[in-house]
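S.K.: Have a look at this one before I ask anything.
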Amino acid sequence: MAVAHIENELFAFGDECTHEGCSLSEGELDEVADTVVCPCHGSAFALRDGEPVEGPARDPVPVYPVRVRDGWVEVKLEIGGQG
């Protein structure tokens with residue numbers, strides 16, 4: 001899992017690119033488009049819903065609800081779902 005901080009928002013998403021499994025946390029954030037770009041082959045994923053917006057990846061990465069509570073970053077993992 002990776003967490004991105006853009007302006008005043010946090011995004012939590014699966015760290016593994018659905019194309020060939022590269023680490024998305026090592027990729028680049030596009031703060032204008034709210035995407036993360038895979039460092040291996042350039043697939044870009046929307047941080048809000050995990051959908052690929054640029055290939056070669058075709059499948060989305062999981063995204064998770066995230067919040068800050070009492071100074072801690074909390075991520076909700078879905079039981080029996082994506083997480």
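Chain labels follow the order of the structure tokens: the first chain is A, the next B, and so on; residue numbering restarts at 1 in every chain, and ligands are counted from 1 in their shown order.
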Residues within 12 Å of segment 32-34 of chain A, please, as a list in words. Count only C-alpha atoms; anything in the same chain fewer than 2 positions from it doesn't count.

M.R.: Ala4, His5, Ile6, Glu7, Glu9, Leu10, Phe11, Glu28, Leu29, Asp30, Val36, Val37, Ala44, Phe45, Ala46, Leu47, Arg48, Asp49, Gly50, Glu51, Pro52, Val53 and Glu54 of chain A

S.K.: Can those selected residues be exported to a file as a PDB file, in the first residue's frame so that it contains C-alpha atoms?

M.R.:
```
ATOM      1  CA  ALA A   4       0.037  10.083  -1.338  1.00  0.00           C
ATOM      2  CA  HIS A   5      -0.443  13.595   0.041  1.00  0.00           C
ATOM      3  CA  ILE A   6      -1.555  16.189  -2.491  1.00  0.00           C
ATOM      4  CA  GLU A   7      -2.413  19.643  -1.179  1.00  0.00           C
ATOM      5  CA  GLU A   9      -5.867  15.442   0.612  1.00  0.00           C
ATOM      6  CA  LEU A  10      -4.570  11.947   1.308  1.00  0.00           C
ATOM      7  CA  PHE A  11      -4.950   9.020  -1.078  1.00  0.00           C
ATOM      8  CA  GLU A  28       5.776   9.970  -9.932  1.00  0.00           C
ATOM      9  CA  LEU A  29       2.735  11.839  -8.645  1.00  0.00           C
ATOM     10  CA  ASP A  30       0.981  14.112 -11.119  1.00  0.00           C
ATOM     11  CA  VAL A  36       0.396   8.183  -9.960  1.00  0.00           C
ATOM     12  CA  VAL A  37       2.616   7.086 -12.851  1.00  0.00           C
ATOM     13  CA  ALA A  44      -0.996   6.134 -14.889  1.00  0.00           C
ATOM     14  CA  PHE A  45      -3.711   5.482 -12.308  1.00  0.00           C
ATOM     15  CA  ALA A  46      -6.324   7.892 -10.943  1.00  0.00           C
ATOM     16  CA  LEU A  47      -5.791   8.310  -7.213  1.00  0.00           C
ATOM     17  CA  ARG A  48      -9.516   8.697  -6.480  1.00  0.00           C
ATOM     18  CA  ASP A  49     -10.743   5.415  -7.978  1.00  0.00           C
ATOM     19  CA  GLY A  50      -7.622   3.495  -9.056  1.00  0.00           C
ATOM     20  CA  GLU A  51      -8.679   3.312 -12.700  1.00  0.00           C
ATOM     21  CA  PRO A  52      -5.911   3.340 -15.297  1.00  0.00           C
ATOM     22  CA  VAL A  53      -5.961   6.560 -17.311  1.00  0.00           C
ATOM     23  CA  GLU A  54      -2.943   5.684 -19.441  1.00  0.00           C
TER      24      GLU A  54
END
```

S.K.: With a distance cut-off of 9 Å and only C-alpha atoms, select the neighbouring residues of Lys76 of chain A, excluding the residue or stretch itself and same-chain residues fewer than 2 positions from it, and output the selection as number ranges by chain.

M.R.: A: 64-67, 74, 78, 83

S.K.: Would you put the residues from that selection into a file with N, CA and C atoms, as a CSV table (one decimal), in the first residue's frame?

M.R.:
```csv
chain,number,residue,atom,x,y,z
A,64,TYR,N,-8.3,2.9,-1.1
A,64,TYR,CA,-8.8,2.7,0.3
A,64,TYR,C,-9.2,4.0,0.9
A,65,PRO,N,-10.2,4.0,1.7
A,65,PRO,CA,-10.6,5.2,2.4
A,65,PRO,C,-9.5,5.6,3.4
A,66,VAL,N,-9.1,6.8,3.5
A,66,VAL,CA,-8.0,7.3,4.4
A,66,VAL,C,-8.4,8.6,5.1
A,67,ARG,N,-8.0,8.7,6.4
A,67,ARG,CA,-8.3,9.9,7.1
A,67,ARG,C,-7.2,10.1,8.2
A,74,GLU,N,-5.0,6.9,9.2
A,74,GLU,CA,-5.8,5.7,9.3
A,74,GLU,C,-6.3,5.3,7.9
A,78,GLU,N,-10.7,-3.0,3.3
A,78,GLU,CA,-12.0,-3.7,3.0
A,78,GLU,C,-11.9,-5.2,3.3
A,83,GLY,N,-9.4,-5.1,-0.4
A,83,GLY,CA,-8.2,-5.0,0.5
A,83,GLY,C,-7.9,-6.2,1.3
```

S.K.: Excluding Cys22 of chain A and its own-chain neighbours fewer than 5 positions away, which residues fall within 8 Å of it when counting only C-alpha atoms? Please give them as a short mmCIF file (atom, residue, chain, number, x, y, z; two decimals) with C-alpha atoms, in the first residue's frame.

M.R.:
```cif
data_model
loop_
_atom_site.label_atom_id
_atom_site.label_comp_id
_atom_site.auth_asym_id
_atom_site.auth_seq_id
_atom_site.Cartn_x
_atom_site.Cartn_y
_atom_site.Cartn_z
CA ASP A 15 1.42 -0.21 -4.36
CA GLU A 16 1.62 -2.82 -7.13
CA CYS A 17 1.03 -1.83 -10.75
CA CYS A 38 4.33 3.70 -12.73
CA PRO A 39 8.13 3.99 -13.01
CA CYS A 40 8.48 0.85 -15.14
#
```

S.K.: Could you tell me which of A:His41, A:Leu77, A:Arg69, A:Glu31 comes closest to Gly14 of chain A if we count only C-alpha atoms?

M.R.: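 Ranked by minimum distance to Gly14 of chain A, first place goes to A:Leu77.
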